[in-house]
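Structure first, commentary second.
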Amino acid sequence: ALPYVSELELRHNQNMFTLEFAALNYKSQEHLNYRYRLEGFDKAWHYSGRNRIASYTNVPPGDYRFVVEVVDAARGGHTSGRSLRIVIRPPWWATWWAYT
């Protein structure tokens with residue numbers, strides 16, 4: 001859960017992952033629309049409507065930030081969001097100390 005985690009660290013062979021997210025609005029769930037992106041990997045936002053799942057494959061090692069935003073049409077387009085830092089570590093043979 002994002003309120004409890006600010007960073008996710010993965011190994012190089014964990015570069016395929018799925019993130020599920022939700023906005024807690026019990027009154028007007030049908031008026032919520034989501035968008036997300038993985039900064040450093042995605043060039044643009046993914047507008048997913050009411051879909052609350054983001055899947056990624058073949059993400060190279062690096063430091064990324066997953067950002068998700070929700071737009072509440074019932075509240076005049078009110079927007080809120082969260083972010084999660086995702087670090088994918090390189091394999092040991094691709095680290096600086098292995099090259100030296």
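Ordered as shown in the structure tokens, chains take letters A, B, and onward, while each chain numbers its residues from 1 and ligands are numbered from 1 in the order shown.
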
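The environment of Gly40 (chain A) within 9 Å, counting only C-alpha atoms and disregarding residues fewer than 6 places along the same chain, consists of A:Gly62, A:Asp63, A:Tyr64, A:Arg65.
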
Tell me which protein, DNA and RNA residues are within 8 Å of region 27-38 of chain A, counting only C-alpha atoms, leaving out same-chain ones fewer than 2 positions away, and put them as a PDB file with all heavy atoms, in the first residue's frame.
ATOM      1  N   ASN A  25     -12.982   6.361  -2.658  1.00  0.00           N
ATOM      2  CA  ASN A  25     -14.143   7.222  -2.784  1.00  0.00           C
ATOM      3  C   ASN A  25     -15.342   6.294  -2.938  1.00  0.00           C
ATOM      4  O   ASN A  25     -15.602   5.774  -4.016  1.00  0.00           O
ATOM      5  CB  ASN A  25     -14.004   8.154  -3.983  1.00  0.00           C
ATOM      6  CG  ASN A  25     -15.167   9.100  -4.112  1.00  0.00           C
ATOM      7  OD1 ASN A  25     -16.248   8.859  -3.590  1.00  0.00           O
ATOM      8  ND2 ASN A  25     -14.954  10.192  -4.816  1.00  0.00           N
ATOM      9  N   GLY A  40      10.903   8.278 -16.437  1.00  0.00           N
ATOM     10  CA  GLY A  40      12.177   7.689 -16.796  1.00  0.00           C
ATOM     11  C   GLY A  40      12.017   6.524 -17.751  1.00  0.00           C
ATOM     12  O   GLY A  40      12.993   6.024 -18.303  1.00  0.00           O
ATOM     13  N   PHE A  41      10.773   6.076 -17.969  1.00  0.00           N
ATOM     14  CA  PHE A  41      10.488   4.974 -18.882  1.00  0.00           C
ATOM     15  C   PHE A  41       9.395   5.365 -19.878  1.00  0.00           C
ATOM     16  O   PHE A  41       9.575   5.226 -21.080  1.00  0.00           O
ATOM     17  CB  PHE A  41      10.075   3.732 -18.093  1.00  0.00           C
ATOM     18  CG  PHE A  41       9.875   2.508 -18.936  1.00  0.00           C
ATOM     19  CD1 PHE A  41      10.955   1.811 -19.440  1.00  0.00           C
ATOM     20  CD2 PHE A  41       8.601   2.051 -19.228  1.00  0.00           C
ATOM     21  CE1 PHE A  41      10.774   0.681 -20.223  1.00  0.00           C
ATOM     22  CE2 PHE A  41       8.401   0.921 -19.995  1.00  0.00           C
ATOM     23  CZ  PHE A  41       9.492   0.243 -20.502  1.00  0.00           C
ATOM     24  N   ASP A  42       8.278   5.861 -19.387  1.00  0.00           N
ATOM     25  CA  ASP A  42       7.176   6.290 -20.258  1.00  0.00           C
ATOM     26  C   ASP A  42       7.426   7.694 -20.776  1.00  0.00           C
ATOM     27  O   ASP A  42       7.889   8.566 -20.044  1.00  0.00           O
ATOM     28  CB  ASP A  42       5.848   6.285 -19.492  1.00  0.00           C
ATOM     29  CG  ASP A  42       5.345   4.902 -19.165  1.00  0.00           C
ATOM     30  OD1 ASP A  42       5.610   3.974 -19.949  1.00  0.00           O
ATOM     31  OD2 ASP A  42       4.684   4.749 -18.118  1.00  0.00           O
ATOM     32  N   ALA A  44       4.825   9.469 -22.121  1.00  0.00           N
ATOM     33  CA  ALA A  44       3.585  10.211 -21.905  1.00  0.00           C
ATOM     34  C   ALA A  44       2.730   9.492 -20.869  1.00  0.00           C
ATOM     35  O   ALA A  44       3.018   8.360 -20.470  1.00  0.00           O
ATOM     36  CB  ALA A  44       2.817  10.330 -23.219  1.00  0.00           C
ATOM     37  N   TRP A  45       1.676  10.161 -20.453  1.00  0.00           N
ATOM     38  CA  TRP A  45       0.725   9.576 -19.516  1.00  0.00           C
ATOM     39  C   TRP A  45      -0.063   8.463 -20.192  1.00  0.00           C
ATOM     40  O   TRP A  45      -0.379   8.530 -21.372  1.00  0.00           O
ATOM     41  CB  TRP A  45      -0.262  10.633 -19.026  1.00  0.00           C
ATOM     42  CG  TRP A  45       0.311  11.622 -18.071  1.00  0.00           C
ATOM     43  CD1 TRP A  45       0.790  12.861 -18.366  1.00  0.00           C
ATOM     44  CD2 TRP A  45       0.453  11.466 -16.659  1.00  0.00           C
ATOM     45  NE1 TRP A  45       1.217  13.484 -17.234  1.00  0.00           N
ATOM     46  CE2 TRP A  45       1.016  12.659 -16.162  1.00  0.00           C
ATOM     47  CE3 TRP A  45       0.149  10.454 -15.766  1.00  0.00           C
ATOM     48  CZ2 TRP A  45       1.288  12.840 -14.814  1.00  0.00           C
ATOM     49  CZ3 TRP A  45       0.414  10.634 -14.428  1.00  0.00           C
ATOM     50  CH2 TRP A  45       0.980  11.823 -13.954  1.00  0.00           C
ATOM     51  N   HIS A  46      -0.432   7.460 -19.407  1.00  0.00           N
ATOM     52  CA  HIS A  46      -1.379   6.424 -19.829  1.00  0.00           C
ATOM     53  C   HIS A  46      -2.719   6.790 -19.195  1.00  0.00           C
ATOM     54  O   HIS A  46      -2.835   6.809 -17.973  1.00  0.00           O
ATOM     55  CB  HIS A  46      -0.948   5.035 -19.342  1.00  0.00           C
ATOM     56  CG  HIS A  46       0.304   4.546 -19.952  1.00  0.00           C
ATOM     57  ND1 HIS A  46       0.348   3.890 -21.145  1.00  0.00           N
ATOM     58  CD2 HIS A  46       1.583   4.641 -19.520  1.00  0.00           C
ATOM     59  CE1 HIS A  46       1.599   3.579 -21.426  1.00  0.00           C
ATOM     60  NE2 HIS A  46       2.370   4.028 -20.455  1.00  0.00           N
ATOM     61  N   TYR A  47      -3.704   7.094 -20.030  1.00  0.00           N
ATOM     62  CA  TYR A  47      -5.044   7.392 -19.538  1.00  0.00           C
ATOM     63  C   TYR A  47      -5.823   6.087 -19.531  1.00  0.00           C
ATOM     64  O   TYR A  47      -6.117   5.533 -20.584  1.00  0.00           O
ATOM     65  CB  TYR A  47      -5.709   8.446 -20.418  1.00  0.00           C
ATOM     66  CG  TYR A  47      -5.050   9.791 -20.283  1.00  0.00           C
ATOM     67  CD1 TYR A  47      -3.969  10.140 -21.073  1.00  0.00           C
ATOM     68  CD2 TYR A  47      -5.499  10.704 -19.338  1.00  0.00           C
ATOM     69  CE1 TYR A  47      -3.343  11.370 -20.940  1.00  0.00           C
ATOM     70  CE2 TYR A  47      -4.884  11.932 -19.194  1.00  0.00           C
ATOM     71  CZ  TYR A  47      -3.808  12.260 -19.998  1.00  0.00           C
ATOM     72  OH  TYR A  47      -3.194  13.475 -19.848  1.00  0.00           O
ATOM     73  N   SER A  48      -6.152   5.597 -18.340  1.00  0.00           N
ATOM     74  CA  SER A  48      -6.739   4.267 -18.235  1.00  0.00           C
ATOM     75  C   SER A  48      -8.214   4.265 -17.858  1.00  0.00           C
ATOM     76  O   SER A  48      -8.767   3.199 -17.590  1.00  0.00           O
ATOM     77  CB  SER A  48      -5.938   3.432 -17.236  1.00  0.00           C
ATOM     78  OG  SER A  48      -5.961   4.041 -15.967  1.00  0.00           O
ATOM     79  N   GLY A  49      -8.855   5.415 -17.802  1.00  0.00           N
ATOM     80  CA  GLY A  49     -10.265   5.456 -17.437  1.00  0.00           C
ATOM     81  C   GLY A  49     -10.465   4.928 -16.036  1.00  0.00           C
ATOM     82  O   GLY A  49      -9.833   5.383 -15.098  1.00  0.00           O
ATOM     83  N   ARG A  50     -11.318   3.907 -15.884  1.00  0.00           N
ATOM     84  CA  ARG A  50     -11.558   3.320 -14.567  1.00  0.00           C
ATOM     85  C   ARG A  50     -10.654   2.126 -14.287  1.00  0.00           C
ATOM     86  O   ARG A  50     -10.719   1.544 -13.209  1.00  0.00           O
ATOM     87  CB  ARG A  50     -13.010   2.909 -14.439  1.00  0.00           C
ATOM     88  CG  ARG A  50     -13.909   4.103 -14.233  1.00  0.00           C
ATOM     89  CD  ARG A  50     -15.252   3.674 -13.752  1.00  0.00           C
ATOM     90  NE  ARG A  50     -16.226   4.003 -14.779  1.00  0.00           N
ATOM     91  CZ  ARG A  50     -17.389   3.426 -14.901  1.00  0.00           C
ATOM     92  NH1 ARG A  50     -17.737   2.465 -14.087  1.00  0.00           N
ATOM     93  NH2 ARG A  50     -18.212   3.796 -15.848  1.00  0.00           N
ATOM     94  N   ASN A  51      -9.836   1.740 -15.251  1.00  0.00           N
ATOM     95  CA  ASN A  51      -8.895   0.635 -15.052  1.00  0.00           C
ATOM     96  C   ASN A  51      -7.852   1.042 -14.014  1.00  0.00           C
ATOM     97  O   ASN A  51      -7.241   2.098 -14.114  1.00  0.00           O
ATOM     98  CB  ASN A  51      -8.226   0.275 -16.372  1.00  0.00           C
ATOM     99  CG  ASN A  51      -7.298  -0.900 -16.250  1.00  0.00           C
ATOM    100  OD1 ASN A  51      -7.388  -1.683 -15.317  1.00  0.00           O
ATOM    101  ND2 ASN A  51      -6.386  -1.025 -17.197  1.00  0.00           N
ATOM    102  N   ARG A  52      -7.617   0.185 -13.026  1.00  0.00           N
ATOM    103  CA  ARG A  52      -6.723   0.514 -11.912  1.00  0.00           C
ATOM    104  C   ARG A  52      -5.475  -0.353 -11.892  1.00  0.00           C
ATOM    105  O   ARG A  52      -4.897  -0.591 -10.848  1.00  0.00           O
ATOM    106  CB  ARG A  52      -7.480   0.362 -10.584  1.00  0.00           C
ATOM    107  CG  ARG A  52      -8.698   1.249 -10.494  1.00  0.00           C
ATOM    108  CD  ARG A  52      -9.477   1.062  -9.203  1.00  0.00           C
ATOM    109  NE  ARG A  52      -9.987  -0.298  -9.066  1.00  0.00           N
ATOM    110  CZ  ARG A  52      -9.563  -1.169  -8.142  1.00  0.00           C
ATOM    111  NH1 ARG A  52      -8.635  -0.851  -7.286  1.00  0.00           N
ATOM    112  NH2 ARG A  52     -10.074  -2.379  -8.084  1.00  0.00           N
ATOM    113  N   ALA A  54      -1.612  -1.121 -13.798  1.00  0.00           N
ATOM    114  CA  ALA A  54      -0.535  -0.733 -14.714  1.00  0.00           C
ATOM    115  C   ALA A  54       0.456  -1.889 -14.796  1.00  0.00           C
ATOM    116  O   ALA A  54       0.923  -2.366 -13.763  1.00  0.00           O
ATOM    117  CB  ALA A  54       0.168   0.526 -14.216  1.00  0.00           C
ATOM    118  N   TYR A  64      13.407   4.929 -11.163  1.00  0.00           N
ATOM    119  CA  TYR A  64      12.170   5.407 -11.761  1.00  0.00           C
ATOM    120  C   TYR A  64      11.237   5.940 -10.680  1.00  0.00           C
ATOM    121  O   TYR A  64      11.433   5.691  -9.498  1.00  0.00           O
ATOM    122  CB  TYR A  64      11.458   4.270 -12.512  1.00  0.00           C
ATOM    123  CG  TYR A  64      12.305   3.630 -13.559  1.00  0.00           C
ATOM    124  CD1 TYR A  64      13.013   2.462 -13.290  1.00  0.00           C
ATOM    125  CD2 TYR A  64      12.426   4.191 -14.826  1.00  0.00           C
ATOM    126  CE1 TYR A  64      13.802   1.867 -14.256  1.00  0.00           C
ATOM    127  CE2 TYR A  64      13.219   3.599 -15.803  1.00  0.00           C
ATOM    128  CZ  TYR A  64      13.900   2.442 -15.505  1.00  0.00           C
ATOM    129  OH  TYR A  64      14.693   1.862 -16.459  1.00  0.00           O
ATOM    130  N   ARG A  65      10.207   6.645 -11.135  1.00  0.00           N
ATOM    131  CA  ARG A  65       9.166   7.116 -10.229  1.00  0.00           C
ATOM    132  C   ARG A  65       7.820   6.832 -10.880  1.00  0.00           C
ATOM    133  O   ARG A  65       7.524   7.356 -11.959  1.00  0.00           O
ATOM    134  CB  ARG A  65       9.323   8.599  -9.938  1.00  0.00           C
ATOM    135  CG  ARG A  65       8.424   9.081  -8.815  1.00  0.00           C
ATOM    136  CD  ARG A  65       8.757  10.510  -8.479  1.00  0.00           C
ATOM    137  NE  ARG A  65       8.000  11.384  -9.342  1.00  0.00           N
ATOM    138  CZ  ARG A  65       7.240  12.383  -8.915  1.00  0.00           C
ATOM    139  NH1 ARG A  65       7.185  12.668  -7.648  1.00  0.00           N
ATOM    140  NH2 ARG A  65       6.566  13.121  -9.756  1.00  0.00           N
ATOM    141  N   PHE A  66       7.023   5.983 -10.250  1.00  0.00           N
ATOM    142  CA  PHE A  66       5.680   5.685 -10.725  1.00  0.00           C
ATOM    143  C   PHE A  66       4.735   6.719 -10.135  1.00  0.00           C
ATOM    144  O   PHE A  66       4.698   6.917  -8.924  1.00  0.00           O
ATOM    145  CB  PHE A  66       5.255   4.273 -10.311  1.00  0.00           C
ATOM    146  CG  PHE A  66       3.866   3.924 -10.754  1.00  0.00           C
ATOM    147  CD1 PHE A  66       3.608   3.616 -12.075  1.00  0.00           C
ATOM    148  CD2 PHE A  66       2.821   3.910  -9.852  1.00  0.00           C
ATOM    149  CE1 PHE A  66       2.325   3.300 -12.493  1.00  0.00           C
ATOM    150  CE2 PHE A  66       1.540   3.593 -10.250  1.00  0.00           C
ATOM    151  CZ  PHE A  66       1.293   3.289 -11.578  1.00  0.00           C
ATOM    152  N   VAL A  67       3.995   7.391 -11.004  1.00  0.00           N
ATOM    153  CA  VAL A  67       3.059   8.434 -10.578  1.00  0.00           C
ATOM    154  C   VAL A  67       1.672   8.037 -11.047  1.00  0.00           C
ATOM    155  O   VAL A  67       1.481   7.696 -12.221  1.00  0.00           O
ATOM    156  CB  VAL A  67       3.436   9.808 -11.179  1.00  0.00           C
ATOM    157  CG1 VAL A  67       2.468  10.881 -10.725  1.00  0.00           C
ATOM    158  CG2 VAL A  67       4.857  10.178 -10.824  1.00  0.00           C
ATOM    159  N   VAL A  68       0.708   8.073 -10.147  1.00  0.00           N
ATOM    160  CA  VAL A  68      -0.690   7.808 -10.497  1.00  0.00           C
ATOM    161  C   VAL A  68      -1.520   8.989 -10.012  1.00  0.00           C
ATOM    162  O   VAL A  68      -1.283   9.525  -8.921  1.00  0.00           O
ATOM    163  CB  VAL A  68      -1.193   6.467  -9.910  1.00  0.00           C
ATOM    164  CG1 VAL A  68      -1.151   6.464  -8.410  1.00  0.00           C
ATOM    165  CG2 VAL A  68      -2.585   6.145 -10.425  1.00  0.00           C
ATOM    166  N   GLU A  69      -2.451   9.400 -10.856  1.00  0.00           N
ATOM    167  CA  GLU A  69      -3.359  10.491 -10.505  1.00  0.00           C
ATOM    168  C   GLU A  69      -4.784  10.052 -10.779  1.00  0.00           C
ATOM    169  O   GLU A  69      -5.039   9.281 -11.708  1.00  0.00           O
ATOM    170  CB  GLU A  69      -3.041  11.749 -11.307  1.00  0.00           C
ATOM    171  CG  GLU A  69      -1.723  12.372 -10.949  1.00  0.00           C
ATOM    172  CD  GLU A  69      -1.454  13.666 -11.693  1.00  0.00           C
ATOM    173  OE1 GLU A  69      -2.186  13.980 -12.655  1.00  0.00           O
ATOM    174  OE2 GLU A  69      -0.501  14.355 -11.311  1.00  0.00           O
ATOM    175  N   VAL A  70      -5.703  10.551  -9.972  1.00  0.00           N
ATOM    176  CA  VAL A  70      -7.120  10.278 -10.159  1.00  0.00           C
ATOM    177  C   VAL A  70      -7.840  11.608 -10.335  1.00  0.00           C
ATOM    178  O   VAL A  70      -7.538  12.583  -9.653  1.00  0.00           O
ATOM    179  CB  VAL A  70      -7.704   9.470  -8.972  1.00  0.00           C
ATOM    180  CG1 VAL A  70      -7.582  10.217  -7.669  1.00  0.00           C
ATOM    181  CG2 VAL A  70      -9.142   9.078  -9.245  1.00  0.00           C
ATOM    182  N   VAL A  71      -8.755  11.635 -11.299  1.00  0.00           N
ATOM    183  CA  VAL A  71      -9.582  12.812 -11.552  1.00  0.00           C
ATOM    184  C   VAL A  71     -11.007  12.451 -11.165  1.00  0.00           C
ATOM    185  O   VAL A  71     -11.573  11.480 -11.673  1.00  0.00           O
ATOM    186  CB  VAL A  71      -9.514  13.244 -13.038  1.00  0.00           C
ATOM    187  CG1 VAL A  71     -10.412  14.435 -13.288  1.00  0.00           C
ATOM    188  CG2 VAL A  71      -8.083  13.547 -13.435  1.00  0.00           C
ATOM    189  N   ASP A  72     -11.577  13.228 -10.272  1.00  0.00           N
ATOM    190  CA  ASP A  72     -12.936  12.988  -9.790  1.00  0.00           C
ATOM    191  C   ASP A  72     -13.886  13.952 -10.493  1.00  0.00           C
ATOM    192  O   ASP A  72     -13.957  15.135 -10.161  1.00  0.00           O
ATOM    193  CB  ASP A  72     -12.984  13.180  -8.274  1.00  0.00           C
ATOM    194  CG  ASP A  72     -14.303  12.754  -7.661  1.00  0.00           C
ATOM    195  OD1 ASP A  72     -15.259  12.504  -8.418  1.00  0.00           O
ATOM    196  OD2 ASP A  72     -14.372  12.667  -6.423  1.00  0.00           O
ATOM    197  N   ALA A  73     -14.608  13.451 -11.495  1.00  0.00           N
ATOM    198  CA  ALA A  73     -15.530  14.290 -12.271  1.00  0.00           C
ATOM    199  C   ALA A  73     -16.695  14.772 -11.414  1.00  0.00           C
ATOM    200  O   ALA A  73     -17.269  15.828 -11.680  1.00  0.00           O
ATOM    201  CB  ALA A  73     -16.036  13.516 -13.477  1.00  0.00           C
ATOM    202  N   ALA A  74     -17.058  14.023 -10.389  1.00  0.00           N
ATOM    203  CA  ALA A  74     -18.166  14.415  -9.516  1.00  0.00           C
ATOM    204  C   ALA A  74     -17.806  15.619  -8.649  1.00  0.00           C
ATOM    205  O   ALA A  74     -18.690  16.304  -8.144  1.00  0.00           O
ATOM    206  CB  ALA A  74     -18.584  13.245  -8.632  1.00  0.00           C
TER     207      ALA A  74
END

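Here CA of Gln14 (chain A) is placed at a distance of 16.7 Å from CA of Thr95 (chain A).
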
message = as a PyMOL selection string, please: the residues near Val59 (chain A) (cut-off 7 Å, only C-alpha atoms, same-chain neighbours under 3 positions excluded).
response = chain A and resi 15-16+56

task = Check chain A with DSSP on the backbone and list each residue it calls alpha helix (DSSP H), as a ChimeraX atom specification.
result = /A:96-99

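Straight-line separation from CA of Tyr99 (chain A) to CA of Ile86 (chain A): 24.4 Å.
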